[in-house]
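Input: a single structure, listed below in structure tokens.
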Protein chains: 2
Amino acid sequence: MKKLTLFLFIFFGPTGYSQEVPADAKEAIKAIYTEALGQQQGYQWLHHICTEIGPRPSGSEASNEAARYTMQMMLDAGADTAWLQPVEVPKWHRGDEWSKAYAGGAPISLPTTALGGSVPTPAEGVKAEVVEVGSFEELEALGEEGIKGKIVFYNTYMDHSLISTFNAYGGAVKYRWAGAMEAGKYGAVATVMRSVTLLRDDLPHTGAMSYGDSEVKVPSAAISWQAADKLSAMLEGGKVELELYLDCGVQGTATNYNMIADFKGSEKPEEIMLVGGHIDSWDLGQGAQDDGAGCAHAMQVPNLMRKTGYQNKRTVRVVLWANEEFGLDGAKEYARWAKEHGVHHWVAMESDGGGDVPRGFGIGADDDRIEQVRTFKSLLSPYGLHVFAKGGGGADLSPLRGYDNFFIGYRPESQRYFDFHHSARDNIDAIHPRSLEMGAASMSALYYLLDNLD
Amino acid sequence: MKKLTLFLFIFFGPTGYSQEVPADAKEAIKAIYTEALGQQQGYQWLHHICTEIGPRPSGSEASNEAARYTMQMMLDAGADTAWLQPVEVPKWHRGDEWSKAYAGGAPISLPTTALGGSVPTPAEGVKAEVVEVGSFEELEALGEEGIKGKIVFYNTYMDHSLISTFNAYGGAVKYRWAGAMEAGKYGAVATVMRSVTLLRDDLPHTGAMSYGDSEVKVPSAAISWQAADKLSAMLEGGKVELELYLDCGVQGTATNYNMIADFKGSEKPEEIMLVGGHIDSWDLGQGAQDDGAGCAHAMQVPNLMRKTGYQNKRTVRVVLWANEEFGLDGAKEYARWAKEHGVHHWVAMESDGGGDVPRGFGIGADDDRIEQVRTFKSLLSPYGLHVFAKGGGGADLSPLRGYDNFFIGYRPESQRYFDFHHSARDNIDAIHPRSLEMGAASMSALYYLLDNLD
């Protein structure tokens, strides 16, 4: 696939941008998928990250080990430069955590996990009557009279009727983020919530919460779906007390690293095509889906180009961000540095939706650019890529908004994602190798096509 | 959703058929998905079939138990009639099975399973030198001189570069079906093959084979992917002997049953909209993906209509066929009976591709009809249904070809399917409840739209 420019089809489509697709684009894309599905290099990298390194929470040494490992892998794959960018992050600590419900008989143990950022309980735990609410409106209606001195139980759900589970997540996660802050206003002594998941199982799911500017900080935990069912059923029978113990909290700061690897472009090296995922994870699982998969995807983008003999014209930059989960510190630091150095990101793509089969892309750009990308549909739909939606890019690209103007978010199938998300289930066996590699190839194929646009 | 005909939009599209879509189609379809994803009734039925009944091979009592159970479930769901149609089927027996490879050192045990229809080995097993081939061409080139008295090892692969794993299966399964027949011609004493799967694991996968009209019948087995890797590596080092023991075979016939349930149409009851899956499975697993999922899908089609208040105009008939895997006996018997009674299938749909998320449908009909179905795309693509391909219907619909002329095959995502297919891994935990229900709702939504066409 050398000298591609000699064989370009150039035409002007329905957009303000010219359309240029290499004459051998179909074969080049097929080669990218074949390489990905045969060698499964992304899966091998991810397997190492998950099983040899493991959970990579904010402030952990494991996050740094993963940064060093991926830097070496990128150099081995032919990166021209690769370096580690220091980022100051909060150091998250989790120790023992449990809860027991009392309603007259023997206490019932409920699978429990502290939300990320929660203060610990006192050493003797907290024990108080439980009051169940289904929304902030119900909380407000109960007021201080109904809440004070009690443990608030947010029995809130992701909306199962939404086909995009990310939309369902968006509707439910406010209770995780702000539940303790709101309940604290009315004198609650702690909060627990139904885990933000769609799988009706018995594992709790963690995730970030915030006290905002509040002086009042009450311990905040998630319980499993089945535990929430149990607790709610017990409450139908009358008064229930909950005993909650959480040993957790932020313990100062530590240095983690963004991993940044450049595969230099042959014609426009100063135009950066950024592709990334976040290298940190929550601490309960190996962070296979969130976001080891995105790291493997991003690393495969230039690797698949090089392995299939394609020389990128623009510079393909892989960025694996530190601490997305607990404050976006890595993304903010990268954006600060990029602006300071006047880096021009021609496009930036993120994968932070897991490793399931491809559905498409979200595109955050002006309408002409979106139409231009949509002209690739006929080349990409044979690989299951049918969605080319307006609006794209994820959390780690958000600090670049306003500075750059062409973002892409990879969109895999989302049905299974929240089964694993932020739980002890998010391990390497949650990853289907072929599906992961289909995603890597999809992202690489799109970047190959974009690299050939003016 | 009563009196729908009062609110029809009627127009003539680009096809020879009129297009009629109820005014509240969008809401009706949303209701179908919401019911499926909330109640997950299909998953509950499938859970019972897998865990309370289990594997349902040809000739088994379990197949009949599943027929009785599903008949009762259909009556409970409001079927007007439901009955069991007797089908004479071969009775498949599987006992102990194993193989060991010898290359000088200690023997290496290889995970092994008899192919369906294989003759057993002698009671003392067979032990012979192994000769590896990668194709029938290589077998032919070796000829009697290279084959006679040996065990042929088909080290053949599904093509990992094909995006549709069903296409990859189609290319590899000929070695399972005809491998023993072909090797027998050259005097082989047995055959083993690399399992027909894409998962690089250590479980063998069975499936039907045939001796055709051949008098020579040599025992035929599959070994796991990893065992095939091992055996091939041993052969690179020199001569390898394999000892194979298979206690298996067809032991006469037995009676199994097709389950047939009708949900009578209010306006055109004589026009049948058939929807089905096959109730039998291979014997190594619970038959969750193949084809318990298809049975659950089919049963949900009328159930979701009724649960959302839709009264079908045509009769929706659920057929769960006996013994697809080992000769299509149930499908042949149903087709024979239908022709004898002049049954008019206005359309017939099959689900036999597993329970993963929806991708679309294959449509076997004249071009105008296909275009007509494609006009539903805008209503169905929000649910992940983007593929409306020409050519559809599956194995169990094949006996109706030439008699009827409008077939549909449901097409779920195929990446994971052959990980489970015909192996001990095909159990209820291979099923993702939401994904299964998305399929059921997709099929029900399509039948709702079709029911409103003239």
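The chains in the structure tokens are called A, B, ... from first to last as shown; in each chain the residues are counted from 1, and the ligands are counted from 1 in the order shown.
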Fill in: Expected answer as a PyMOL selection string: helix (DSSP H, G or I) residues in region 385-436 of chain A
chain A and resi 395-400+417-420+428-430+433-436
Item to complete: May I ask you to extract the residues of chain A within 10 Å of chain B, using only C-alpha atoms, and to give them as an NGL selection string?
Response: :A and (30-38 or 159-164 or 198-200 or 356-357 or 359 or 381-387 or 413-416 or 419 or 432-435 or 438)
Item to complete: Using only C-alpha atoms, determine which residues lie at most 10 Å from region 360-375 of chain B, disregarding the query and same-chain residues fewer than 3 positions distant; provide the list as a VMD selection string.
Response: chain B and resid 12 to 21 347 to 349 351 357 378 to 381 383 to 394 401 404 to 413 439 442 to 443 446 449 to 450 453
Selection above as a file: C-alpha atoms, as a CSV table (one decimal), in the first residue's frame:
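To be explicit, this is the file written out as part.csv:
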chain,number,residue,atom,x,y,z
B,12,PHE,CA,-47.7,3.0,-2.5
B,13,GLY,CA,-44.0,2.8,-2.1
B,14,PRO,CA,-41.3,1.9,-4.7
B,15,THR,CA,-42.6,-1.7,-4.8
B,16,GLY,CA,-45.5,-3.4,-6.3
B,17,TYR,CA,-47.0,-3.9,-2.8
B,18,SER,CA,-48.9,-1.3,-0.9
B,19,GLN,CA,-47.2,0.0,2.2
B,20,GLU,CA,-49.3,0.1,5.4
B,21,VAL,CA,-47.9,1.2,8.7
B,347,VAL,CA,-44.7,-15.8,5.8
B,348,ALA,CA,-42.4,-18.1,7.8
B,349,MET,CA,-39.6,-17.0,10.0
B,351,SER,CA,-34.4,-18.2,14.5
B,357,VAL,CA,-27.9,-8.8,19.9
B,378,SER,CA,-36.4,3.5,9.8
B,379,LEU,CA,-38.7,2.0,12.4
B,380,LEU,CA,-36.4,-0.8,13.3
B,381,SER,CA,-32.9,0.6,13.0
B,383,TYR,CA,-33.1,-1.1,17.8
B,384,GLY,CA,-29.9,-2.2,16.1
B,385,LEU,CA,-31.6,-3.7,13.0
B,386,HIS,CA,-29.6,-2.5,10.0
B,387,VAL,CA,-29.2,-5.6,7.9
B,388,PHE,CA,-32.2,-6.4,5.6
B,389,ALA,CA,-30.4,-8.9,3.3
B,390,LYS,CA,-31.7,-10.8,0.4
B,391,GLY,CA,-32.1,-14.5,1.1
B,392,GLY,CA,-33.4,-15.8,4.3
B,393,GLY,CA,-34.9,-18.6,6.3
B,394,GLY,CA,-32.9,-21.5,7.8
B,401,ARG,CA,-39.3,-24.0,-0.2
B,404,ASP,CA,-44.3,-21.2,0.1
B,405,ASN,CA,-42.4,-18.1,-1.0
B,406,PHE,CA,-41.8,-15.6,1.8
B,407,PHE,CA,-39.2,-16.6,4.3
B,408,ILE,CA,-37.3,-14.7,6.9
B,409,GLY,CA,-34.3,-15.6,9.0
B,410,TYR,CA,-33.5,-13.6,12.1
B,411,ARG,CA,-29.8,-12.6,12.1
B,412,PRO,CA,-28.2,-11.9,15.4
B,413,GLU,CA,-24.6,-10.8,15.9
B,439,GLY,CA,-33.9,-10.5,19.5
B,442,SER,CA,-37.1,-7.6,17.0
B,443,MET,CA,-38.9,-10.6,15.6
B,446,LEU,CA,-41.3,-7.2,12.4
B,449,LEU,CA,-45.5,-4.7,11.0
B,450,LEU,CA,-46.0,-7.5,8.5
B,453,LEU,CA,-49.6,-5.3,5.4
Worksheet item: What does the distance from CA of Asn303 (chain B) to CA of Gln44 (chain B) come to in Å, to one decimal?
Response: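 Between CA of Asn303 (chain B) and CA of Gln44 (chain B) the gap works out to 13.1 Å.
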Fill in: 10 Å contact set for Arg56 (chain A), only C-alpha atoms, chain neighbours under 4 positions out, as a PyMOL selection string
chain A and resi 49-50+60-66+279-287+292+322-323
Output N, CA and C atoms for every residue in the selection just made, as a PDB file, in the first residue's frame.
ATOM      1  N   ILE A  49      -2.244  -6.793  30.641  1.00  0.00           N
ATOM      2  CA  ILE A  49      -2.637  -5.685  31.533  1.00  0.00           C
ATOM      3  C   ILE A  49      -3.566  -6.196  32.638  1.00  0.00           C
ATOM      4  N   CYS A  50      -4.499  -7.065  32.269  1.00  0.00           N
ATOM      5  CA  CYS A  50      -5.493  -7.543  33.243  1.00  0.00           C
ATOM      6  C   CYS A  50      -4.907  -8.566  34.205  1.00  0.00           C
ATOM      7  N   SER A  60      -2.453   4.327  42.113  1.00  0.00           N
ATOM      8  CA  SER A  60      -1.835   3.011  42.331  1.00  0.00           C
ATOM      9  C   SER A  60      -0.538   2.871  41.550  1.00  0.00           C
ATOM     10  N   GLU A  61       0.343   2.032  42.058  1.00  0.00           N
ATOM     11  CA  GLU A  61       1.562   1.682  41.347  1.00  0.00           C
ATOM     12  C   GLU A  61       1.214   0.853  40.106  1.00  0.00           C
ATOM     13  N   ALA A  62       0.117   0.088  40.174  1.00  0.00           N
ATOM     14  CA  ALA A  62      -0.286  -0.726  39.018  1.00  0.00           C
ATOM     15  C   ALA A  62      -0.573   0.154  37.802  1.00  0.00           C
ATOM     16  N   SER A  63      -1.145   1.323  38.027  1.00  0.00           N
ATOM     17  CA  SER A  63      -1.406   2.238  36.910  1.00  0.00           C
ATOM     18  C   SER A  63      -0.090   2.605  36.230  1.00  0.00           C
ATOM     19  N   ASN A  64       0.945   2.807  37.031  1.00  0.00           N
ATOM     20  CA  ASN A  64       2.256   3.166  36.469  1.00  0.00           C
ATOM     21  C   ASN A  64       2.915   1.984  35.770  1.00  0.00           C
ATOM     22  N   GLU A  65       2.712   0.806  36.334  1.00  0.00           N
ATOM     23  CA  GLU A  65       3.260  -0.391  35.694  1.00  0.00           C
ATOM     24  C   GLU A  65       2.621  -0.574  34.317  1.00  0.00           C
ATOM     25  N   ALA A  66       1.319  -0.327  34.243  1.00  0.00           N
ATOM     26  CA  ALA A  66       0.616  -0.439  32.958  1.00  0.00           C
ATOM     27  C   ALA A  66       1.119   0.615  31.974  1.00  0.00           C
ATOM     28  N   ILE A 279      -6.008   4.480  31.166  1.00  0.00           N
ATOM     29  CA  ILE A 279      -5.224   3.358  31.677  1.00  0.00           C
ATOM     30  C   ILE A 279      -5.615   2.996  33.101  1.00  0.00           C
ATOM     31  N   ASP A 280      -6.253   3.913  33.799  1.00  0.00           N
ATOM     32  CA  ASP A 280      -6.695   3.592  35.158  1.00  0.00           C
ATOM     33  C   ASP A 280      -7.998   2.802  35.095  1.00  0.00           C
ATOM     34  N   SER A 281      -8.346   2.210  36.223  1.00  0.00           N
ATOM     35  CA  SER A 281      -9.607   1.473  36.324  1.00  0.00           C
ATOM     36  C   SER A 281     -10.117   1.637  37.749  1.00  0.00           C
ATOM     37  N   TRP A 282     -11.336   1.184  37.994  1.00  0.00           N
ATOM     38  CA  TRP A 282     -11.731   1.061  39.385  1.00  0.00           C
ATOM     39  C   TRP A 282     -11.011  -0.136  39.995  1.00  0.00           C
ATOM     40  N   ASP A 283     -11.147  -0.274  41.304  1.00  0.00           N
ATOM     41  CA  ASP A 283     -10.284  -1.202  42.035  1.00  0.00           C
ATOM     42  C   ASP A 283     -10.886  -2.573  42.259  1.00  0.00           C
ATOM     43  N   LEU A 284     -12.174  -2.768  41.915  1.00  0.00           N
ATOM     44  CA  LEU A 284     -12.819  -4.044  42.247  1.00  0.00           C
ATOM     45  C   LEU A 284     -12.486  -5.140  41.244  1.00  0.00           C
ATOM     46  N   GLY A 285     -12.235  -4.758  39.994  1.00  0.00           N
ATOM     47  CA  GLY A 285     -11.909  -5.744  38.959  1.00  0.00           C
ATOM     48  C   GLY A 285     -10.642  -5.340  38.227  1.00  0.00           C
ATOM     49  N   GLN A 286     -10.355  -6.051  37.160  1.00  0.00           N
ATOM     50  CA  GLN A 286      -9.115  -5.808  36.408  1.00  0.00           C
ATOM     51  C   GLN A 286      -9.237  -4.659  35.410  1.00  0.00           C
ATOM     52  N   GLY A 287     -10.420  -4.049  35.333  1.00  0.00           N
ATOM     53  CA  GLY A 287     -10.583  -2.967  34.359  1.00  0.00           C
ATOM     54  C   GLY A 287     -10.404  -3.458  32.937  1.00  0.00           C
ATOM     55  N   GLY A 292      -9.490  -1.070  29.892  1.00  0.00           N
ATOM     56  CA  GLY A 292      -8.414  -1.809  29.244  1.00  0.00           C
ATOM     57  C   GLY A 292      -8.707  -2.032  27.771  1.00  0.00           C
ATOM     58  N   ALA A 322      -4.118   8.776  32.491  1.00  0.00           N
ATOM     59  CA  ALA A 322      -4.187   8.390  33.906  1.00  0.00           C
ATOM     60  C   ALA A 322      -5.490   8.923  34.513  1.00  0.00           C
ATOM     61  N   ASN A 323      -5.943   8.237  35.527  1.00  0.00           N
ATOM     62  CA  ASN A 323      -7.079   8.671  36.358  1.00  0.00           C
ATOM     63  C   ASN A 323      -8.219   9.380  35.644  1.00  0.00           C
TER      64      ASN A 323
END
Practice prompt. Please identify which residues in region 386-444 of chain A DSSP calls strand (DSSP E or B) from the backbone, and express them as a ChimeraX atom specification.
Written response: /A:387-390,401,404,407-412
Item to complete: Check the smallest atom-to-atom distance from each of B:Ala441, B:Ala424, B:Ala114, B:Ala79 to Leu203 (chain B) using only C-alpha atoms, then report the winner.
Response: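 Looking only at the distances to Leu203 (chain B), the closest residue turns out to be B:Ala424.
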Write out as a tab-separated table (two decimals) with N, CA and C atoms, in the first residue's frame each polymer residue whose atoms come within 7 Å of Ser109 (chain A), counting only C-alpha atoms; drop sequence neighbours fewer than 6 positions from it.
chain	number	residue	atom	x	y	z
A	99	SER	N	-22.21	-4.52	54.96
A	99	SER	CA	-23.42	-4.01	55.62
A	99	SER	C	-24.32	-5.18	55.99
A	100	LYS	N	-25.12	-4.96	57.03
A	100	LYS	CA	-26.07	-5.98	57.49
A	100	LYS	C	-27.40	-5.31	57.77
A	101	ALA	N	-28.45	-5.98	57.33
A	101	ALA	CA	-29.80	-5.46	57.56
A	101	ALA	C	-30.46	-6.24	58.69
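Around Val87 (chain A), within 9 Å and counting only C-alpha atoms, the residues found are Ala254, Thr255, Asn256, Tyr257, Asn258, Ala322, Asn323, Asp329, Gly330, Glu333 and Tyr334 of chain A, once anything fewer than 4 positions away on its own chain is removed.
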Worksheet entry | Neighbour list for Ala77 (chain B) as a list in words, cut-off 10 Å, only C-alpha atoms, skip fewer than 6 positions in-chain |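 Near neighbours after the sequence-gap exclusion: Met71, Phe263, Met299, Gln300, Pro302, Asn303, Leu304, Arg306 and Lys307 of chain B.
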